[in-house]
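Q: What follows is model38.cif; its format and atoms are mmCIF, N, CA and C atoms and all ligand atoms.
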data_my_file
#
loop_
_atom_site.label_atom_id
_atom_site.label_comp_id
_atom_site.auth_asym_id
_atom_site.auth_seq_id
_atom_site.Cartn_x
_atom_site.Cartn_y
_atom_site.Cartn_z
N MET A 1 14.82 2.73 17.88
CA MET A 1 13.38 2.63 18.09
C MET A 1 12.75 4.02 17.98
N ASP A 2 11.72 4.12 17.17
CA ASP A 2 11.04 5.41 17.06
C ASP A 2 10.20 5.69 18.31
N VAL A 3 9.64 4.65 18.85
CA VAL A 3 8.84 4.76 20.08
C VAL A 3 9.43 3.78 21.09
N PRO A 4 9.91 4.27 22.24
CA PRO A 4 10.52 3.36 23.22
C PRO A 4 9.47 2.43 23.84
N PRO A 5 9.92 1.31 24.39
CA PRO A 5 9.00 0.32 24.93
C PRO A 5 8.02 0.87 25.97
N ASN A 6 8.48 1.77 26.82
CA ASN A 6 7.56 2.29 27.84
C ASN A 6 6.40 3.05 27.18
N GLN A 7 6.69 3.70 26.07
CA GLN A 7 5.63 4.44 25.38
C GLN A 7 4.69 3.48 24.64
N VAL A 8 5.23 2.40 24.12
CA VAL A 8 4.37 1.39 23.48
C VAL A 8 3.40 0.83 24.51
N ILE A 9 3.91 0.57 25.71
CA ILE A 9 3.04 0.05 26.77
C ILE A 9 1.98 1.08 27.15
N ARG A 10 2.34 2.34 27.17
CA ARG A 10 1.35 3.39 27.45
C ARG A 10 0.28 3.42 26.36
N PHE A 11 0.71 3.28 25.11
CA PHE A 11 -0.26 3.21 24.01
C PHE A 11 -1.24 2.05 24.24
N ILE A 12 -0.70 0.90 24.65
CA ILE A 12 -1.54 -0.27 24.89
C ILE A 12 -2.54 0.03 26.02
N GLN A 13 -2.04 0.64 27.10
CA GLN A 13 -2.91 0.96 28.23
C GLN A 13 -4.04 1.90 27.82
N LEU A 14 -3.71 2.82 26.91
CA LEU A 14 -4.71 3.82 26.49
C LEU A 14 -5.56 3.33 25.32
N GLY A 15 -5.29 2.12 24.86
CA GLY A 15 -6.07 1.57 23.76
C GLY A 15 -5.79 2.23 22.43
N LEU A 16 -4.59 2.79 22.27
CA LEU A 16 -4.23 3.47 21.03
C LEU A 16 -3.66 2.46 20.04
N LYS A 17 -4.54 1.63 19.50
CA LYS A 17 -4.13 0.51 18.64
C LYS A 17 -3.34 0.99 17.42
N ASP A 18 -3.80 2.07 16.80
CA ASP A 18 -3.10 2.57 15.60
C ASP A 18 -1.67 2.98 15.92
N ASP A 19 -1.48 3.63 17.07
CA ASP A 19 -0.13 4.05 17.46
C ASP A 19 0.75 2.83 17.76
N VAL A 20 0.17 1.80 18.36
CA VAL A 20 0.94 0.58 18.62
C VAL A 20 1.35 -0.07 17.30
N GLU A 21 0.42 -0.10 16.35
CA GLU A 21 0.70 -0.73 15.05
C GLU A 21 1.80 0.00 14.29
N LYS A 22 1.85 1.32 14.43
CA LYS A 22 2.84 2.11 13.69
C LYS A 22 4.22 2.07 14.34
N ALA A 23 4.28 1.78 15.62
CA ALA A 23 5.56 1.82 16.35
C ALA A 23 6.50 0.72 15.84
N THR A 24 7.75 1.09 15.60
CA THR A 24 8.73 0.09 15.16
C THR A 24 9.47 -0.51 16.35
N GLY A 25 9.31 0.07 17.52
CA GLY A 25 10.01 -0.41 18.71
C GLY A 25 9.91 -1.91 18.94
N PRO A 26 8.70 -2.47 18.89
CA PRO A 26 8.59 -3.91 19.13
C PRO A 26 9.41 -4.75 18.14
N TRP A 27 9.63 -4.24 16.93
CA TRP A 27 10.38 -5.00 15.93
C TRP A 27 11.88 -4.87 16.16
N PHE A 28 12.31 -3.83 16.86
CA PHE A 28 13.73 -3.67 17.15
C PHE A 28 14.12 -4.33 18.48
N CYS A 29 13.15 -4.67 19.28
CA CYS A 29 13.44 -5.29 20.57
C CYS A 29 14.21 -6.59 20.35
N ALA A 30 15.37 -6.67 20.96
CA ALA A 30 16.22 -7.85 20.80
C ALA A 30 15.99 -8.88 21.91
N ALA A 31 15.01 -8.62 22.77
CA ALA A 31 14.71 -9.51 23.89
C ALA A 31 15.95 -9.72 24.76
N CYS A 32 16.70 -8.63 24.97
CA CYS A 32 17.93 -8.73 25.77
C CYS A 32 17.62 -8.78 27.27
N LEU A 33 16.40 -8.45 27.65
CA LEU A 33 15.91 -8.53 29.04
C LEU A 33 16.45 -7.45 29.96
N VAL A 34 17.21 -6.48 29.43
CA VAL A 34 17.76 -5.42 30.28
C VAL A 34 16.63 -4.63 30.94
N CYS A 35 15.64 -4.25 30.15
CA CYS A 35 14.55 -3.45 30.72
C CYS A 35 13.78 -4.24 31.78
N GLN A 36 13.62 -5.52 31.53
CA GLN A 36 12.89 -6.35 32.49
C GLN A 36 13.63 -6.44 33.82
N THR A 37 14.95 -6.60 33.75
CA THR A 37 15.71 -6.72 34.99
C THR A 37 15.78 -5.39 35.74
N ARG A 38 15.63 -4.28 35.02
CA ARG A 38 15.72 -2.96 35.65
C ARG A 38 14.37 -2.40 36.07
N CYS A 39 13.29 -2.98 35.58
CA CYS A 39 11.97 -2.42 35.86
C CYS A 39 11.62 -2.60 37.35
N PRO A 40 11.38 -1.50 38.08
CA PRO A 40 11.05 -1.60 39.51
C PRO A 40 9.70 -2.25 39.77
N ARG A 41 8.85 -2.31 38.75
CA ARG A 41 7.52 -2.92 38.91
C ARG A 41 7.48 -4.34 38.36
N GLY A 42 8.60 -4.83 37.86
CA GLY A 42 8.65 -6.21 37.37
C GLY A 42 7.85 -6.45 36.10
N VAL A 43 7.69 -5.39 35.29
CA VAL A 43 6.94 -5.56 34.04
C VAL A 43 7.79 -6.34 33.05
N ASP A 44 7.21 -7.37 32.47
CA ASP A 44 7.92 -8.21 31.49
C ASP A 44 7.80 -7.57 30.11
N ILE A 45 8.58 -6.52 29.91
CA ILE A 45 8.48 -5.74 28.67
C ILE A 45 8.83 -6.58 27.43
N PRO A 46 9.90 -7.37 27.45
CA PRO A 46 10.19 -8.17 26.25
C PRO A 46 9.03 -9.07 25.85
N ARG A 47 8.33 -9.62 26.82
CA ARG A 47 7.18 -10.48 26.48
C ARG A 47 6.05 -9.66 25.86
N LEU A 48 5.87 -8.44 26.34
CA LEU A 48 4.85 -7.57 25.75
C LEU A 48 5.23 -7.20 24.31
N MET A 49 6.54 -6.94 24.08
CA MET A 49 6.99 -6.64 22.72
C MET A 49 6.76 -7.86 21.81
N GLU A 50 7.01 -9.04 22.35
CA GLU A 50 6.77 -10.27 21.60
C GLU A 50 5.28 -10.41 21.28
N ALA A 51 4.44 -10.06 22.24
CA ALA A 51 2.99 -10.15 22.01
C ALA A 51 2.55 -9.19 20.91
N VAL A 52 3.11 -7.98 20.92
CA VAL A 52 2.76 -7.02 19.86
C VAL A 52 3.18 -7.57 18.49
N ARG A 53 4.37 -8.15 18.44
CA ARG A 53 4.82 -8.74 17.16
C ARG A 53 3.90 -9.89 16.75
N ALA A 54 3.52 -10.72 17.71
CA ALA A 54 2.66 -11.86 17.39
C ALA A 54 1.31 -11.40 16.85
N ILE A 55 0.79 -10.33 17.43
CA ILE A 55 -0.49 -9.79 16.95
C ILE A 55 -0.35 -9.33 15.50
N HIS A 56 0.76 -8.66 15.21
CA HIS A 56 1.01 -8.23 13.83
C HIS A 56 1.10 -9.43 12.90
N LEU A 57 1.86 -10.45 13.33
CA LEU A 57 2.06 -11.61 12.48
C LEU A 57 0.77 -12.37 12.26
N ARG A 58 -0.05 -12.45 13.30
CA ARG A 58 -1.33 -13.14 13.12
C ARG A 58 -2.21 -12.41 12.12
N ALA A 59 -2.01 -11.10 12.04
CA ALA A 59 -2.75 -10.33 11.04
C ALA A 59 -2.04 -10.37 9.69
N LYS A 60 -0.97 -11.19 9.62
CA LYS A 60 -0.16 -11.37 8.40
C LYS A 60 0.46 -10.08 7.92
N GLU A 61 0.95 -9.29 8.86
CA GLU A 61 1.65 -8.06 8.53
C GLU A 61 3.13 -8.27 8.76
N GLY A 62 3.94 -7.81 7.84
CA GLY A 62 5.38 -7.85 8.01
C GLY A 62 6.00 -9.22 7.90
N LEU A 63 5.30 -10.17 7.27
CA LEU A 63 5.86 -11.51 7.15
C LEU A 63 6.92 -11.57 6.06
N ILE A 64 7.88 -12.47 6.23
CA ILE A 64 8.91 -12.72 5.22
C ILE A 64 8.55 -14.01 4.52
N ASP A 65 8.56 -13.96 3.19
CA ASP A 65 8.42 -15.19 2.40
C ASP A 65 9.84 -15.68 2.14
N VAL A 66 10.21 -16.73 2.82
CA VAL A 66 11.59 -17.22 2.76
C VAL A 66 12.00 -17.54 1.32
N SER A 67 11.06 -18.00 0.52
CA SER A 67 11.40 -18.37 -0.87
C SER A 67 11.78 -17.14 -1.70
N GLU A 68 11.44 -15.96 -1.23
CA GLU A 68 11.75 -14.74 -1.98
C GLU A 68 13.03 -14.05 -1.48
N VAL A 69 13.63 -14.58 -0.43
CA VAL A 69 14.85 -13.97 0.10
C VAL A 69 16.03 -14.38 -0.79
N ASP A 70 16.89 -13.40 -1.11
CA ASP A 70 18.05 -13.64 -1.96
C ASP A 70 18.93 -14.74 -1.37
N LYS A 71 19.22 -15.74 -2.18
CA LYS A 71 19.99 -16.92 -1.70
C LYS A 71 21.41 -16.52 -1.26
N GLU A 72 22.03 -15.59 -1.97
CA GLU A 72 23.38 -15.17 -1.56
C GLU A 72 23.35 -14.46 -0.22
N PHE A 73 22.28 -13.68 0.00
CA PHE A 73 22.13 -13.03 1.30
C PHE A 73 22.02 -14.08 2.40
N LEU A 74 21.22 -15.12 2.13
CA LEU A 74 21.05 -16.18 3.13
C LEU A 74 22.38 -16.88 3.43
N MET A 75 23.22 -17.06 2.40
CA MET A 75 24.50 -17.75 2.59
C MET A 75 25.47 -16.90 3.41
N ASP A 76 25.40 -15.57 3.24
CA ASP A 76 26.37 -14.69 3.89
C ASP A 76 25.90 -14.12 5.24
N ALA A 77 24.60 -14.17 5.49
CA ALA A 77 24.07 -13.55 6.72
C ALA A 77 24.48 -14.36 7.95
N PRO A 78 24.73 -13.69 9.05
CA PRO A 78 25.06 -14.41 10.29
C PRO A 78 23.88 -15.30 10.71
N PRO A 79 24.15 -16.55 11.07
CA PRO A 79 23.08 -17.47 11.45
C PRO A 79 22.17 -16.92 12.55
N LEU A 80 22.75 -16.23 13.52
CA LEU A 80 21.93 -15.70 14.62
C LEU A 80 20.93 -14.66 14.10
N ALA A 81 21.37 -13.85 13.12
CA ALA A 81 20.47 -12.85 12.55
C ALA A 81 19.32 -13.54 11.81
N LEU A 82 19.63 -14.61 11.09
CA LEU A 82 18.58 -15.33 10.36
C LEU A 82 17.58 -15.96 11.32
N ILE A 83 18.10 -16.60 12.36
CA ILE A 83 17.22 -17.24 13.32
C ILE A 83 16.30 -16.20 13.98
N SER A 84 16.89 -15.07 14.35
CA SER A 84 16.10 -14.02 14.99
C SER A 84 15.05 -13.47 14.03
N ALA A 85 15.46 -13.20 12.78
CA ALA A 85 14.52 -12.65 11.80
C ALA A 85 13.41 -13.64 11.49
N PHE A 86 13.75 -14.89 11.30
CA PHE A 86 12.72 -15.87 10.96
C PHE A 86 11.78 -16.11 12.14
N ARG A 87 12.34 -15.98 13.36
CA ARG A 87 11.49 -16.15 14.55
C ARG A 87 10.48 -15.01 14.63
N LYS A 88 10.94 -13.81 14.25
CA LYS A 88 10.07 -12.65 14.37
C LYS A 88 9.12 -12.50 13.20
N TYR A 89 9.60 -12.81 11.99
CA TYR A 89 8.84 -12.44 10.79
C TYR A 89 8.22 -13.62 10.04
N THR A 90 8.29 -14.80 10.59
CA THR A 90 7.64 -15.94 9.95
C THR A 90 6.86 -16.70 11.01
N TYR A 91 6.00 -17.57 10.55
CA TYR A 91 5.33 -18.48 11.48
C TYR A 91 4.80 -19.68 10.75
S1 LIG R 101 14.34 -6.40 26.00
FE1 LIG R 101 16.14 -5.16 25.50
S2 LIG R 101 15.81 -4.51 23.38
FE2 LIG R 101 13.81 -5.22 24.15
S3 LIG R 101 12.82 -3.39 24.94
FE3 LIG R 101 13.91 -4.30 26.67
S4 LIG R 101 15.92 -3.28 26.72
FE4 LIG R 101 14.98 -2.87 24.69
#
Show this structure as structure tokens.
Ligand code: SF4

A:
Amino acid sequence: MDVPPNQVIRFIQLGLKDDVEKATGPWFCAACLVCQTRCPRGVDIPRLMEAVRAIHLRAKEGLIDVSEVDKEFLMDAPPLALISAFRKYTY
């Protein structure tokens, strides 16, 4: 992650929309929930990362056109990776 989740949240708090849009952190978040379980304030960071991704997707940024994905790649890719990618990059 170029910008860690806590910094993305700070950007959101400060209204730094451009910095949030440029951050790759939300796209690397695996929703493993580690940060959420460790956060002393109970901040649901994975949900915030999901919200940032959803905002991008609603603006039609970073979408995958499944018809353009290489068929051999689809056959060889781990199913969990495909499910995760399609969940994040399609709608
Ligand atoms: S849910 Fe996991 S991957 Fe996502 S920001 Fe938290 S610790 Fe990182």

Q: Kindly work out which residues sit at most 6 Å from ligand LIG 101 (chain R), using only C-alpha atoms and all ligand atoms, and give the list as an MDAnalysis selection string.

A: chainID A and resid 5 29:35 45:46

Q: What separation in Å, quoted to one decimal, exists between atom C of Asp18 in chain A and CA of Val3 in chain A?

A: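 These two atoms are separated by 11.4 Å.
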
Q: Using only N, CA and C atoms, which residue out of A:Val20, A:Leu82, A:Leu63, A:Val69 lies closest to Val8 in chain A?

A: A:Val20

Q: Box along x, y and z, 5 Å on every side, all listed atoms of range 38-48 of chain A inside: centre and edge lengths in Å to one decimal, as AutoDock Vina command-line options.

A:
--center_x 10.3 --center_y -6.0 --center_z 32.0 --size_x 20.9 --size_y 19.0 --size_z 25.5

Q: Any idea what the distance is between CA of Ile83 in chain A and CA of Val43 in chain A?

A: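 Atom-to-atom, CA of Ile83 in chain A to CA of Val43 in chain A, that is 25.9 Å.
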